[in-house]
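Have a look at protein-v1.txt below; it lists compact mmCIF, C-alpha atoms.
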```txt
# COMPACT_ATOMS: atom_id res chain seq x y z
CA MET A 246 -81.21 2.90 -38.63
CA ILE A 247 -80.98 2.76 -34.83
CA VAL A 248 -78.07 1.50 -32.79
CA HIS A 249 -79.92 -1.66 -31.70
CA ASP A 250 -80.42 -2.70 -35.31
CA ALA A 251 -76.85 -1.80 -36.23
CA LEU A 252 -75.45 -3.93 -33.41
CA ALA A 253 -77.70 -6.81 -34.43
CA GLN A 254 -76.24 -6.64 -37.92
CA LEU A 255 -72.68 -6.61 -36.61
CA GLN A 256 -73.52 -9.61 -34.44
CA THR A 257 -74.44 -11.66 -37.51
CA GLN A 258 -70.74 -11.73 -38.44
CA ALA A 259 -69.39 -12.23 -34.92
CA ASP A 260 -66.54 -14.71 -34.54
CA PRO A 261 -66.08 -15.75 -30.89
CA GLN A 262 -62.58 -17.15 -31.42
CA ARG A 263 -61.36 -14.02 -33.20
CA ALA A 264 -63.00 -11.95 -30.46
CA ILE A 265 -60.87 -13.71 -27.85
CA GLU A 266 -57.76 -13.15 -29.95
CA ALA A 267 -58.64 -9.47 -30.46
CA ALA A 268 -59.11 -8.93 -26.74
CA ALA A 269 -55.71 -10.48 -26.06
CA TYR A 270 -54.08 -8.40 -28.79
CA HIS A 271 -55.54 -5.01 -27.93
CA LYS A 272 -55.25 -5.56 -24.17
CA VAL A 273 -58.17 -3.26 -23.36
CA ASP A 274 -61.11 -4.43 -21.28
CA ARG A 275 -64.09 -4.02 -23.61
CA ARG A 276 -66.35 -6.26 -25.63
CA TYR A 277 -65.05 -7.61 -28.94
CA LEU A 278 -67.14 -9.25 -31.66
CA GLY A 279 -64.28 -10.61 -33.74
CA LEU A 280 -65.06 -8.83 -37.02
CA ARG A 281 -62.37 -7.80 -39.48
CA VAL A 282 -62.29 -4.17 -40.59
CA PRO A 283 -63.51 -4.96 -44.15
CA GLN A 284 -66.55 -6.64 -42.62
CA VAL A 285 -67.28 -3.55 -40.55
CA GLU A 286 -66.89 -1.39 -43.65
CA GLU A 287 -69.49 -3.43 -45.52
CA PHE A 288 -72.01 -2.52 -42.85
CA THR A 289 -71.03 1.14 -42.64
CA ASP A 290 -71.25 1.47 -46.43
CA ALA A 291 -74.81 0.17 -46.28
CA TRP A 292 -75.71 2.46 -43.38
CA ARG A 293 -74.35 5.46 -45.29
CA ALA A 294 -76.76 4.70 -48.12
CA GLU A 295 -79.66 4.21 -45.73
CA CYS A 296 -79.19 7.22 -43.42
CA ASP A 297 -79.15 10.93 -44.05
CA LEU A 298 -76.26 12.88 -42.55
CA PRO A 299 -77.84 13.80 -39.17
CA GLN A 300 -79.00 10.20 -38.73
CA ARG A 301 -75.52 8.93 -39.57
CA ILE A 302 -73.86 11.22 -37.05
CA GLN A 303 -76.33 10.15 -34.38
CA LEU A 304 -75.71 6.50 -35.20
CA ALA A 305 -71.97 7.09 -34.93
CA ALA A 306 -72.42 8.68 -31.49
CA ASP A 307 -74.61 5.82 -30.30
CA LEU A 308 -72.28 3.13 -31.62
CA TRP A 309 -69.34 4.77 -29.87
CA ASP A 310 -71.21 4.83 -26.59
CA THR A 311 -71.64 1.04 -26.64
CA ASN A 312 -67.87 0.71 -26.00
CA ILE A 313 -67.80 -2.36 -28.26
CA HIS A 314 -64.58 -2.46 -30.28
CA GLU A 315 -66.14 -3.02 -33.70
CA ALA A 316 -68.93 -0.55 -32.96
CA ARG A 317 -66.37 2.15 -32.23
CA VAL A 318 -64.53 1.32 -35.44
CA ALA A 319 -67.86 1.59 -37.27
CA ALA A 320 -68.55 4.94 -35.61
CA ALA A 321 -65.28 6.30 -36.97
CA LYS A 322 -65.95 4.89 -40.44
CA LEU A 323 -69.33 6.63 -40.55
CA LEU A 324 -67.58 9.99 -40.15
CA THR A 325 -64.75 9.36 -42.62
CA GLN A 326 -65.36 11.49 -45.69
CA ALA A 327 -63.88 14.62 -47.19
CA ARG A 328 -67.09 16.68 -47.29
CA ILE A 329 -69.63 16.41 -44.53
CA ARG A 330 -71.53 19.70 -44.85
CA PRO A 331 -73.74 21.00 -43.39
CA GLU A 332 -72.85 18.86 -40.35
CA ASP A 333 -69.11 19.53 -40.40
CA GLU A 334 -68.99 21.22 -36.99
CA THR A 335 -71.17 18.54 -35.43
CA ALA A 336 -68.93 15.77 -36.75
CA TRP A 337 -65.79 17.57 -35.59
CA ALA A 338 -67.24 18.14 -32.13
CA LEU A 339 -68.07 14.45 -31.87
CA ILE A 340 -64.54 13.45 -32.86
CA CYS A 341 -63.14 15.87 -30.27
CA ASP A 342 -65.37 14.26 -27.63
CA TRP A 343 -63.97 10.84 -28.51
CA VAL A 344 -60.27 11.73 -28.51
CA PRO A 345 -59.83 11.98 -24.70
CA GLN A 346 -61.37 8.50 -24.44
CA PHE A 347 -58.69 6.86 -26.59
CA ASP A 348 -57.08 3.85 -24.92
CA ALA A 349 -55.79 1.70 -27.79
CA TRP A 350 -54.12 2.33 -31.13
CA ALA A 351 -56.63 0.71 -33.51
CA ILE A 352 -59.69 2.69 -32.49
CA ALA A 353 -57.58 5.83 -32.12
CA ASP A 354 -56.22 5.48 -35.65
CA HIS A 355 -59.63 4.92 -37.22
CA VAL A 356 -60.97 8.03 -35.49
CA CYS A 357 -57.89 10.03 -36.45
CA ILE A 358 -58.39 9.13 -40.11
CA ALA A 359 -61.89 10.58 -39.84
CA GLY A 360 -60.46 13.57 -38.01
CA GLN A 361 -57.83 14.15 -40.71
CA LYS A 362 -60.64 14.96 -43.15
CA ARG A 363 -62.10 17.52 -40.76
CA VAL A 364 -58.77 19.22 -40.05
CA VAL A 365 -57.96 19.46 -43.75
CA ALA A 366 -61.45 20.87 -44.36
CA ASP A 367 -60.81 23.56 -41.72
CA PRO A 368 -57.12 23.97 -40.84
CA SER A 369 -57.99 26.45 -38.06
CA ARG A 370 -58.86 23.35 -36.04
CA ILE A 371 -55.12 22.91 -35.54
CA ALA A 372 -55.54 25.21 -32.53
CA THR A 373 -57.80 22.63 -30.88
CA VAL A 374 -55.45 19.79 -31.81
CA GLU A 375 -52.55 21.67 -30.23
CA GLU A 376 -54.33 21.53 -26.87
CA TRP A 377 -54.12 17.75 -27.02
CA THR A 378 -50.32 17.88 -26.85
CA ASN A 379 -50.57 18.73 -23.13
CA SER A 380 -52.99 15.93 -22.27
CA PRO A 381 -52.05 13.42 -19.55
CA ASN A 382 -53.56 10.77 -21.85
CA MET A 383 -50.74 9.44 -24.03
CA TRP A 384 -53.21 8.42 -26.75
CA GLN A 385 -54.55 11.95 -26.96
CA ARG A 386 -51.04 13.38 -27.25
CA ARG A 387 -50.29 10.85 -29.98
CA ALA A 388 -53.50 11.77 -31.80
CA ALA A 389 -52.19 15.29 -32.36
CA LEU A 390 -49.55 13.85 -34.70
CA VAL A 391 -51.70 11.18 -36.35
CA ILE A 392 -54.57 13.53 -37.14
CA THR A 393 -52.21 16.06 -38.79
CA LEU A 394 -50.42 13.55 -41.05
CA PRO A 395 -52.00 14.94 -44.26
CA PHE A 396 -49.94 18.11 -43.80
CA ALA A 397 -46.75 16.01 -43.93
CA LYS A 398 -47.75 14.45 -47.25
CA GLN A 399 -48.54 17.44 -49.44
CA ASN A 400 -46.41 17.88 -52.54
CA PHE A 401 -47.23 21.53 -53.08
CA PRO A 402 -48.24 22.99 -49.69
CA LYS A 403 -49.51 26.54 -49.46
CA PRO A 404 -47.71 28.97 -47.15
CA PHE A 405 -50.19 28.40 -44.30
CA GLU A 406 -49.72 24.64 -44.70
CA MET A 407 -45.97 25.10 -44.41
CA GLU A 408 -46.63 26.97 -41.19
CA ILE A 409 -48.67 24.01 -39.96
CA ARG A 410 -45.74 21.70 -40.73
CA ASP A 411 -43.47 23.83 -38.59
CA ARG A 412 -46.07 23.95 -35.83
CA VAL A 413 -46.47 20.17 -35.76
CA LEU A 414 -42.71 19.65 -35.87
CA GLY A 415 -42.59 21.84 -32.77
CA TRP A 416 -44.92 19.40 -31.05
CA ALA A 417 -42.79 16.50 -32.24
CA ALA A 418 -39.72 18.19 -30.76
CA LEU A 419 -41.48 18.35 -27.39
CA TYR A 420 -42.32 14.65 -27.72
CA ALA A 421 -38.73 13.64 -28.50
CA ASP A 422 -37.90 13.12 -24.83
CA ASP A 423 -41.06 11.06 -24.21
CA LYS A 424 -39.81 7.48 -24.32
CA ASP A 425 -43.25 5.87 -24.69
CA TRP A 426 -43.06 3.56 -27.71
CA PHE A 427 -46.28 4.83 -29.27
CA ILE A 428 -45.24 8.47 -28.97
CA GLN A 429 -41.83 7.73 -30.45
CA LYS A 430 -43.48 5.76 -33.26
CA ALA A 431 -45.81 8.67 -34.03
CA VAL A 432 -42.91 11.12 -34.22
CA ALA A 433 -41.03 8.77 -36.53
CA TRP A 434 -44.14 8.27 -38.67
CA TRP A 435 -44.66 12.02 -39.11
CA VAL A 436 -41.04 12.80 -39.95
CA ARG A 437 -40.70 9.78 -42.25
CA ASP A 438 -43.79 10.79 -44.25
CA LEU A 439 -42.59 14.40 -44.32
CA SER A 440 -39.20 13.33 -45.65
CA LYS A 441 -40.81 12.14 -48.90
CA HIS A 442 -42.09 15.67 -49.61
CA ASP A 443 -39.93 18.07 -47.59
CA THR A 444 -36.42 16.73 -47.18
CA LEU A 445 -35.13 20.02 -45.81
CA ARG A 446 -37.49 20.10 -42.85
CA ALA A 447 -37.15 16.38 -42.12
CA ASN A 448 -33.37 16.58 -42.14
CA GLY A 449 -33.47 19.71 -40.03
CA PHE A 450 -35.67 18.05 -37.43
CA LEU A 451 -33.39 15.03 -37.16
CA ALA A 452 -30.29 17.19 -36.99
CA MET A 453 -31.73 19.11 -34.04
CA HIS A 454 -33.69 16.42 -32.22
CA GLY A 455 -32.74 13.01 -33.64
CA ASP A 456 -30.31 12.21 -30.83
CA ARG A 457 -33.18 12.54 -28.33
CA LEU A 458 -35.29 9.91 -30.10
CA ARG A 459 -35.09 6.23 -29.32
CA SER A 460 -32.92 4.40 -31.83
CA PHE A 461 -35.79 2.65 -33.62
CA ALA A 462 -37.65 5.93 -34.04
CA ARG A 463 -34.59 7.77 -35.29
CA LYS A 464 -33.95 5.01 -37.83
CA GLU A 465 -37.55 4.96 -39.05
CA ALA A 466 -37.77 8.75 -39.26
CA GLY A 467 -34.72 8.81 -41.54
CA GLN A 468 -35.70 5.80 -43.60
CA TYR A 469 -35.99 7.74 -46.87
CA LEU A 470 -33.24 10.26 -46.21
CA GLY A 471 -29.72 9.90 -47.55
```

As a first step, turn the structure in this file into structure tokens.
Amino acid sequence: MIVHDALAQLQTQADPQRAIEAAAYHKVDRRYLGLRVPQVEEFTDAWRAECDLPQRIQLAADLWDTNIHEARVAAAKLLTQARIRPEDETAWALICDWVPQFDAWAIADHVCIAGQKRVVADPSRIATVEEWTNSPNMWQRRAALVITLPFAKQNFPKPFEMEIRDRVLGWAALYADDKDWFIQKAVAWWVRDLSKHDTLRANGFLAMHGDRLRSFARKEAGQYLG
């Protein structure tokens, strides 16, 4: 499978009217084909079966480089799996190359879901993620929270995973004064999900930093707390 053939397959399901609507919705100047995510997933499932792992990673890189919305979604889907050995480092490096290019929530979230698998597979990658918190790119700063969400959702975290929770909450505390809606939403998302599994830490965060959050974020963060 080469990128030209993959794009040709995506084009068979293109919907010009939905493409116009998608461009207006995402508000980013790139090409849109008008496919829904389940349609993209049908193609990526087929490509997974057809390609070996190195070929799949190369296809993901090439699809990303087209800067077509659905192609970038497909690139992320091709890398979304729990085990990706022996190409784990290659896949992680590719994801890290993409993160500074984020410019819209949908593509960012699809890539972060792929990245979540890689960070869980090797939690030492948190050190790289932490560097993103200082990025001038808001989407990259936001990605640091989205990509670490699995650590907020564990029912029985190990001691090192508890340390990761505290580390990420430290990032969230730094973000509390950032009034950008997407940053505030990401903080609320992390603390809300954490509150289902670690009420003590979620309550502690809101007690210390909740008054610095925007009202909608504070409300969402405490949605499941008494």

Which value, in Å to one decimal, gives the distance between CA of Ile265 (chain A) and CA of Phe347 (chain A)?
20.7 Å

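Residue nearest Tyr469 (chain A) within the list A:Gly455, A:Lys441, A:Gly449, A:Val248: A:Lys441 [criterion: smallest interatomic distance, only C-alpha atoms].
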
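Distances from A:Cys357, A:Val413, A:Leu339, A:Leu324 to Asp290 (chain A) were compared using only C-alpha atoms, and the smallest one belongs to A:Leu324.
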
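Our summary of the geometry notes that CA of Arg387 (chain A) is positioned 12.5 Å from CA of Ala351 (chain A).
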
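The space between CA of Thr257 (chain A) and CA of Lys272 (chain A) spans 24.2 Å.
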
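With all atoms listed in the file as the atoms that count, the residue of A:Ile302, A:Ala253, A:Trp309, A:Thr325 with the shortest distance to Glu286 (chain A) is A:Thr325.
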
Hey, which of A:Ala320, A:Leu278, A:Ala417, A:Ala291 ends up closest to Ala462 (chain A)? Count only C-alpha atoms.
A:Ala417

Using all atoms listed in the file, which of the listed residues (A:Ala418, A:Val374, A:Cys341, A:Ala264) sits closest to Val436 (chain A)?
A:Ala418

Name all residues at most 9 Å from Val356 (chain A) (count only C-alpha atoms; drop same-chain ones fewer than 4 positions away) and give them as a JSON list (two decimals) with C-alpha atoms, keeping the file's coordinate frame.
```json
[["chain", "number", "residue", "atom", "x", "y", "z"],
["A", 317, "ARG", "CA", -66.37, 2.15, -32.23],
["A", 318, "VAL", "CA", -64.53, 1.32, -35.44],
["A", 320, "ALA", "CA", -68.55, 4.94, -35.61],
["A", 321, "ALA", "CA", -65.28, 6.30, -36.97],
["A", 322, "LYS", "CA", -65.95, 4.89, -40.44],
["A", 324, "LEU", "CA", -67.58, 9.99, -40.15],
["A", 325, "THR", "CA", -64.75, 9.36, -42.62],
["A", 340, "ILE", "CA", -64.54, 13.45, -32.86],
["A", 343, "TRP", "CA", -63.97, 10.84, -28.51],
["A", 344, "VAL", "CA", -60.27, 11.73, -28.51],
["A", 351, "ALA", "CA", -56.63, 0.71, -33.51],
["A", 352, "ILE", "CA", -59.69, 2.69, -32.49],
["A", 360, "GLY", "CA", -60.46, 13.57, -38.01],
["A", 361, "GLN", "CA", -57.83, 14.15, -40.71],
["A", 392, "ILE", "CA", -54.57, 13.53, -37.14]]
```

Residues within 12 Å of (-51.2, 13.1, -24.3), file coordinates, counting all atoms listed in the file: what are they? Give the list as a ChimeraX atom specification.
/A:344-348,374-390,416,419-420,423,425,427-428,431
